[in-house]
Amino acid sequence: MYESLVDDPLEALKARYGTGYRLRAMLTVMLGTLSVLLASTMINVAIPQMMTTFHVAQTEAQWLVTGFLACMTASMLASAWFLREFGQRGSYVICIGLFALAAVLGGLSSNFWLLVLSRCLQGAMAGVIQPLGIITIYKLYPPEKRGTGMGIYGLGVILGPALGPALGGGLVDAFGWQSIFFASLPIAALALVMALRYMPKAPANQKPMPLDILGLIILLAAILGLLWAFSNGKMWGWSHPAILFALAVALLGGLSFIWRCKTTAHPLVHLDVFNAPGVWSCTLITLCLGASLYGSTYLIPLFSQQILYFTPTESGLLLMPAGIASALMFPVAGVLADRLPPYLSIMLGMLLFALSCLLFALIDQTAVFLWLVTIAIIGRVGISLIFPALNTGTLRLLPAQMLASGAALFSFIRQLGSAVGVNGVSIWLDWRQHLHHSQLQQGNAEQLWNNALSHYVYSWFTGHEQLQMLCQQDCSSQLNQLLPDMLGFSDSFLSMMLIALLILIPAWRLKTHIQPRPRVEAVVSNG
């Protein structure tokens with residue numbers, strides 16, 4: 001996979017379609033990515049209805065999500081093989097075609113495990129499609145405009161998570177759970193037609209390269225073990241033999257995959273990618289970015305419903321303006337990524353996200369809806385600033401022959417961070433809430449009140465009377481239930497803020513590795 005991945009027909013397509021070709025190719029990859037992201041985010045609202053239809057418990061139903069995520073994460077590392085074997089056009093046509101067939105299979109399934117199989121196939125194709133989108137955008141634009149390209153691409157990508165839950169809920173209520181499998185088909189079909197027309201073919205001189213199927217199986221087993229253990233650890237107990245076995249599979253599988261990459265002639269990912277200066281810093285940032293985005297997306301609606309007593313609809317509306325603001329910010333962030341050194345955009349974005357987490361940690365029941373929306377927007381704007389700068393900056397660190405492997409690897413790292421982030425935040429929240437409840441039950445009210453006083457210290461600046469009200473209520477039954485849970489959420493938001501601030505260190509280190517202006521790589525010297 002180390003030979004040049006330039007598709008010579010790319011220049012022919014530019015000559016044929018003129019200045020409009022770049023926009024058409026951009027729209028093609030945006031539609032393909034949007035279709036798979038819609039499929040990944042709409043499923044959650046349909047799970048209760050699926051459980052009723054197939055008479056399965058939560059432990060079985062979670063495989064609809066866990067299977068999709070595991071297959072998507074693992075298959076990302078196979079995208080470089082697809083790109084070399086079939087080229088950009090062939091890879092997109094194959095993956096989007098199989099993704100659409102899996103959607104039809106899922107929508108027509110009368111057996112639960114056949115439904116799970118269709119979701120796993122969808123996840124596998126989604127994992128290949130997403131890195132291909134990044135490498136395509138990188139190759140379409142000249143070095144000085146790649147940040148802009150990533151920003152425009154991000155505008156379309158962010159619509160999937162923003163619209164998916166709301167669209168899925170409406171479809172399930174109106175037409176049943178089967179409709180969510182067919183909802184993305186029109187977009188996928190349009191992407192398929194456009195890929196046949198606007199995506200470049202594979203170079204004629206590419207040599208066949210075997211896919212490391214054994215490495216892929218080992219990686220998939222490790223990810224499945226990790227996700228399954230995280231999903232069931234709280235319910236079964238972390239010392240349960242099944243949970244310990246799943247964690248052991250994850251650990252041994254991860255170590256075996258690393259050994260496989262070092263010893264086989266054609267690994268899924270060449271580990272010498274990490275030898276490039278600055279790549280380890282980008283790895284930490286990418287991992288934490290995925291965890292921060294999806295961890296906060298999990299935490300905010302849960303906080304609004306359990307502490308602020310919002311309805312599910314109100315919780316969804318809370319994040320919708322933030323999603324819109326994020327989408328609008330992506331093109332601006334792309335332009336900034338072209339004009340500023342990447343580390344500046346990344347550090348500014350992390351500071352905004354950390355500020356958002358701090359403000360959420362200080363929220364109480366007196367907060368108004370508009371203020372909550374504003375805080376969420378601050379965090380999403382920060383995330384939007386990071387993505388284009390990090391994507392283009394990371395790829396600029398890599399030699400031309402490692403671009404495909406690098407794009408796949410960092411997509412994998414970000415997705416792994418997302419999965420770990422959601423489950424990690426859930427575990428941390430549960431532990432902190434349990435700790436605060438235990439303090440009250442054990443008669444350690446003084447320690448709990450110290451935590452409460454720390455939580456409400458900002459009331460001296462805002463002037464509201466929440467602290468006085470709590471003091472008057474003392475340890476009422478309502479306070480016994482609410483305060484420990486609220487402090488658990490506060491601890492979780494503060495922990496996310498701390499992680500964001502720590503990421504400033506590797507972001508600052510990028511100053512010495514990535515130049516303010518992109519250099520021209522051989523693989524894309526002509527755009």
# chains A, B, ... in the order shown; residues from 1 in each chain; ligands from 1

call {"tool": "residues_around", "arguments": {"residues": "Val425 of chain A", "least_positions_apart": "2", "cutoff": "8 Å", "atoms": "only C-alpha atoms", "output": "list of chain:residue names"}}
result
A:Gly295, A:Leu299, A:Gly421, A:Val422, A:Asn423, A:Ile427, A:Trp428, A:Leu429, A:Ser492

call {"tool": "write_last_selection", "arguments": {"atoms": "N, CA and C atoms", "output": "PDB file, in the first residue's frame"}}
result
ATOM      1  N   GLY A 295     -18.994  11.686  23.980  1.00  0.00           N
ATOM      2  CA  GLY A 295     -19.250  11.670  25.417  1.00  0.00           C
ATOM      3  C   GLY A 295     -20.166  12.792  25.846  1.00  0.00           C
ATOM      4  N   LEU A 299     -23.934  12.782  27.437  1.00  0.00           N
ATOM      5  CA  LEU A 299     -24.117  13.314  28.784  1.00  0.00           C
ATOM      6  C   LEU A 299     -25.161  14.437  28.840  1.00  0.00           C
ATOM      7  N   GLY A 421     -15.427   6.828  24.671  1.00  0.00           N
ATOM      8  CA  GLY A 421     -15.896   8.033  25.344  1.00  0.00           C
ATOM      9  C   GLY A 421     -17.291   7.881  25.909  1.00  0.00           C
ATOM     10  N   VAL A 422     -18.209   7.358  25.101  1.00  0.00           N
ATOM     11  CA  VAL A 422     -19.585   7.181  25.562  1.00  0.00           C
ATOM     12  C   VAL A 422     -19.636   6.224  26.746  1.00  0.00           C
ATOM     13  N   ASN A 423     -18.993   5.081  26.595  1.00  0.00           N
ATOM     14  CA  ASN A 423     -19.028   4.086  27.674  1.00  0.00           C
ATOM     15  C   ASN A 423     -18.237   4.546  28.897  1.00  0.00           C
ATOM     16  N   ILE A 427     -19.737   5.027  32.686  1.00  0.00           N
ATOM     17  CA  ILE A 427     -19.182   4.335  33.852  1.00  0.00           C
ATOM     18  C   ILE A 427     -18.758   5.336  34.923  1.00  0.00           C
ATOM     19  N   TRP A 428     -18.083   6.399  34.514  1.00  0.00           N
ATOM     20  CA  TRP A 428     -17.619   7.420  35.462  1.00  0.00           C
ATOM     21  C   TRP A 428     -18.797   8.095  36.156  1.00  0.00           C
ATOM     22  N   LEU A 429     -19.832   8.433  35.408  1.00  0.00           N
ATOM     23  CA  LEU A 429     -21.015   9.063  35.985  1.00  0.00           C
ATOM     24  C   LEU A 429     -21.671   8.152  37.012  1.00  0.00           C
ATOM     25  N   SER A 492     -18.570  14.670  36.213  1.00  0.00           N
ATOM     26  CA  SER A 492     -18.329  14.158  34.858  1.00  0.00           C
ATOM     27  C   SER A 492     -17.976  15.282  33.898  1.00  0.00           C
TER      28      SER A 492
END

call {"tool": "residues_around", "arguments": {"residues": "Ser256 of chain A", "least_positions_apart": "3", "cutoff": "9 Å", "atoms": "only C-alpha atoms", "output": "VMD selection string"}}
result
chain A and resid 215 218 to 219 251 to 253 259 to 261

call {"tool": "closest_residue", "arguments": {"among": "A:Leu224, A:Ala354, A:Leu27, A:Ala195", "to": "Gly67 of chain A", "atoms": "only C-alpha atoms"}}
result
A:Leu224

call {"tool": "atom_distance", "arguments": {"atom1": "atom CA of Leu409 of chain A", "atom2": "atom CA of Ser495 of chain A"}}
result
26.7 Å

call {"tool": "closest_atom_pairs", "arguments": {"of": "segment 95-178 of chain A", "to": "segment 388-404 of chain A", "cutoff": "8 Å", "atoms": "only C-alpha atoms", "output": "Markdown table"}}
result
| residue | atom | partner | partner_atom | distance |
| --- | --- | --- | --- | --- |
| A:Ile135 | CA | A:Ala404 | CA | 6.8 |
| A:Tyr138 | CA | A:Thr392 | CA | 7.6 |
| A:Arg146 | CA | A:Thr392 | CA | 6.6 |
| A:Gly147 | CA | A:Pro388 | CA | 5.5 |
| A:Thr148 | CA | A:Pro388 | CA | 7.7 |
| A:Met150 | CA | A:Pro388 | CA | 5.2 |
| A:Gly151 | CA | A:Pro388 | CA | 5.6 |
| A:Gly154 | CA | A:Pro388 | CA | 7.8 |

call {"tool": "residues_around", "arguments": {"residues": "Ala333 of chain A", "least_positions_apart": "3", "cutoff": "7 Å", "atoms": "only C-alpha atoms", "output": "CSV table (one decimal) with N, CA and C atoms, in the first residue's frame"}}
result
chain,number,residue,atom,x,y,z
A,151,GLY,N,-13.5,21.7,5.7
A,151,GLY,CA,-14.6,22.4,6.4
A,151,GLY,C,-16.0,22.2,5.6
A,329,MET,N,-20.4,26.5,11.3
A,329,MET,CA,-19.0,26.9,11.7
A,329,MET,C,-18.0,26.1,10.9
A,330,PHE,N,-18.3,24.9,10.4
A,330,PHE,CA,-17.3,24.1,9.7
A,330,PHE,C,-16.6,24.8,8.5
A,336,LEU,N,-10.1,29.0,8.4
A,336,LEU,CA,-9.1,29.3,9.4
A,336,LEU,C,-7.9,28.3,9.4
A,337,ALA,N,-8.3,27.0,9.1
A,337,ALA,CA,-7.3,26.0,9.0
A,337,ALA,C,-6.3,26.2,7.9
A,384,SER,N,-16.0,22.1,16.2
A,384,SER,CA,-15.9,22.4,14.8
A,384,SER,C,-14.6,23.1,14.4
A,385,LEU,N,-14.0,23.9,15.2
A,385,LEU,CA,-12.7,24.5,15.0
A,385,LEU,C,-11.6,23.5,14.9
A,388,PRO,N,-11.3,20.4,11.0
A,388,PRO,CA,-10.5,20.7,9.7
A,388,PRO,C,-9.0,20.8,10.0

call {"tool": "atom_distance", "arguments": {"atom1": "atom CA of Leu504 of chain A", "atom2": "atom CA of Gly278 of chain A"}}
result
13.9 Å

call {"tool": "select_by_dssp", "arguments": {"residues": "segment 242-438 of chain A", "states": "alpha helix (DSSP H)", "output": "PyMOL selection string"}}
result
chain A and resi 242-263+279-306+312-339+342-361+369-396+403-438

call {"tool": "residues_around", "arguments": {"residues": "Ser356 of chain A", "least_positions_apart": "2", "cutoff": "8 Å", "atoms": "only C-alpha atoms", "output": "PDB file with N, CA and C atoms, in the first residue's frame"}}
result
ATOM      1  N   LEU A 352     -12.600  26.363  24.052  1.00  0.00           N
ATOM      2  CA  LEU A 352     -14.046  26.600  23.998  1.00  0.00           C
ATOM      3  C   LEU A 352     -14.815  25.393  24.513  1.00  0.00           C
ATOM      4  N   PHE A 353     -14.366  24.197  24.152  1.00  0.00           N
ATOM      5  CA  PHE A 353     -15.037  22.996  24.645  1.00  0.00           C
ATOM      6  C   PHE A 353     -14.875  22.870  26.159  1.00  0.00           C
ATOM      7  N   ALA A 354     -13.685  23.171  26.674  1.00  0.00           N
ATOM      8  CA  ALA A 354     -13.465  23.124  28.119  1.00  0.00           C
ATOM      9  C   ALA A 354     -14.350  24.129  28.843  1.00  0.00           C
ATOM     10  N   LEU A 358     -17.192  23.352  31.713  1.00  0.00           N
ATOM     11  CA  LEU A 358     -17.206  24.040  33.006  1.00  0.00           C
ATOM     12  C   LEU A 358     -18.569  24.650  33.294  1.00  0.00           C
ATOM     13  N   LEU A 359     -19.142  25.306  32.299  1.00  0.00           N
ATOM     14  CA  LEU A 359     -20.453  25.935  32.493  1.00  0.00           C
ATOM     15  C   LEU A 359     -21.535  24.900  32.742  1.00  0.00           C
ATOM     16  N   PHE A 360     -21.463  23.763  32.059  1.00  0.00           N
ATOM     17  CA  PHE A 360     -22.434  22.699  32.327  1.00  0.00           C
ATOM     18  C   PHE A 360     -22.249  22.141  33.733  1.00  0.00           C
ATOM     19  N   ILE A 375     -24.610  27.399  26.012  1.00  0.00           N
ATOM     20  CA  ILE A 375     -23.461  26.609  26.473  1.00  0.00           C
ATOM     21  C   ILE A 375     -23.165  25.475  25.497  1.00  0.00           C
ATOM     22  N   ALA A 376     -24.218  24.807  25.040  1.00  0.00           N
ATOM     23  CA  ALA A 376     -24.022  23.708  24.080  1.00  0.00           C
ATOM     24  C   ALA A 376     -23.413  24.222  22.781  1.00  0.00           C
ATOM     25  N   ILE A 378     -21.415  26.793  22.416  1.00  0.00           N
ATOM     26  CA  ILE A 378     -19.996  27.081  22.657  1.00  0.00           C
ATOM     27  C   ILE A 378     -19.152  25.819  22.478  1.00  0.00           C
ATOM     28  N   GLY A 379     -19.615  24.710  23.050  1.00  0.00           N
ATOM     29  CA  GLY A 379     -18.865  23.457  22.935  1.00  0.00           C
ATOM     30  C   GLY A 379     -18.797  22.943  21.515  1.00  0.00           C
TER      31      GLY A 379
END

call {"tool": "residues_around", "arguments": {"residues": "Asp491 of chain A", "least_positions_apart": "5", "cutoff": "10 Å", "atoms": "only C-alpha atoms", "output": "number ranges by chain"}}
result
A: 358, 361, 428-429, 432-433, 451, 455, 485-486, 496-497

call {"tool": "write_last_selection", "arguments": {"atoms": "N, CA and C atoms", "output": "JSON list (two decimals), in the first residue's frame"}}
result
[["chain", "number", "residue", "atom", "x", "y", "z"],
["A", 358, "LEU", "N", -17.19, 23.35, 31.71],
["A", 358, "LEU", "CA", -17.21, 24.04, 33.01],
["A", 358, "LEU", "C", -18.57, 24.65, 33.29],
["A", 361, "ALA", "N", -21.01, 22.08, 34.21],
["A", 361, "ALA", "CA", -20.75, 21.57, 35.56],
["A", 361, "ALA", "C", -21.35, 22.47, 36.63],
["A", 428, "TRP", "N", -18.08, 6.40, 34.51],
["A", 428, "TRP", "CA", -17.62, 7.42, 35.46],
["A", 428, "TRP", "C", -18.80, 8.09, 36.16],
["A", 429, "LEU", "N", -19.83, 8.43, 35.41],
["A", 429, "LEU", "CA", -21.01, 9.06, 35.99],
["A", 429, "LEU", "C", -21.67, 8.15, 37.01],
["A", 432, "ARG", "N", -19.49, 8.05, 40.22],
["A", 432, "ARG", "CA", -19.51, 9.28, 41.01],
["A", 432, "ARG", "C", -20.86, 9.47, 41.71],
["A", 433, "GLN", "N", -21.95, 9.15, 41.02],
["A", 433, "GLN", "CA", -23.25, 9.27, 41.65],
["A", 433, "GLN", "C", -23.39, 8.27, 42.80],
["A", 451, "ASN", "N", -19.09, 19.26, 49.00],
["A", 451, "ASN", "CA", -19.19, 19.16, 47.55],
["A", 451, "ASN", "C", -20.25, 20.10, 47.00],
["A", 455, "HIS", "N", -19.93, 23.21, 44.46],
["A", 455, "HIS", "CA", -20.71, 23.25, 43.22],
["A", 455, "HIS", "C", -21.42, 24.60, 43.06],
["A", 485, "ASP", "N", -26.98, 12.99, 42.58],
["A", 485, "ASP", "CA", -27.01, 12.79, 41.13],
["A", 485, "ASP", "C", -26.46, 14.01, 40.40],
["A", 486, "MET", "N", -26.84, 15.20, 40.90],
["A", 486, "MET", "CA", -26.38, 16.43, 40.26],
["A", 486, "MET", "C", -24.86, 16.57, 40.40],
["A", 496, "MET", "N", -14.32, 15.96, 31.93],
["A", 496, "MET", "CA", -14.17, 16.21, 30.49],
["A", 496, "MET", "C", -13.44, 17.53, 30.25],
["A", 497, "MET", "N", -13.70, 18.52, 31.09],
["A", 497, "MET", "CA", -12.99, 19.79, 30.99],
["A", 497, "MET", "C", -11.49, 19.60, 31.23]]

call {"tool": "closest_residue", "arguments": {"among": "A:Met320, A:Ala103, A:Val116, A:Leu211", "to": "Pro301 of chain A", "atoms": "only C-alpha atoms"}}
result
A:Met320

call {"tool": "atom_distance", "arguments": {"atom1": "atom CA of Val45 of chain A", "atom2": "atom CA of Thr33 of chain A"}}
result
20.5 Å

call {"tool": "residues_around", "arguments": {"residues": "Arg119 of chain A", "least_positions_apart": "4", "cutoff": "7 Å", "atoms": "only C-alpha atoms", "output": "list in words"}}
result
Leu64, Gly67, Phe68, Leu115 and Gly123 of chain A
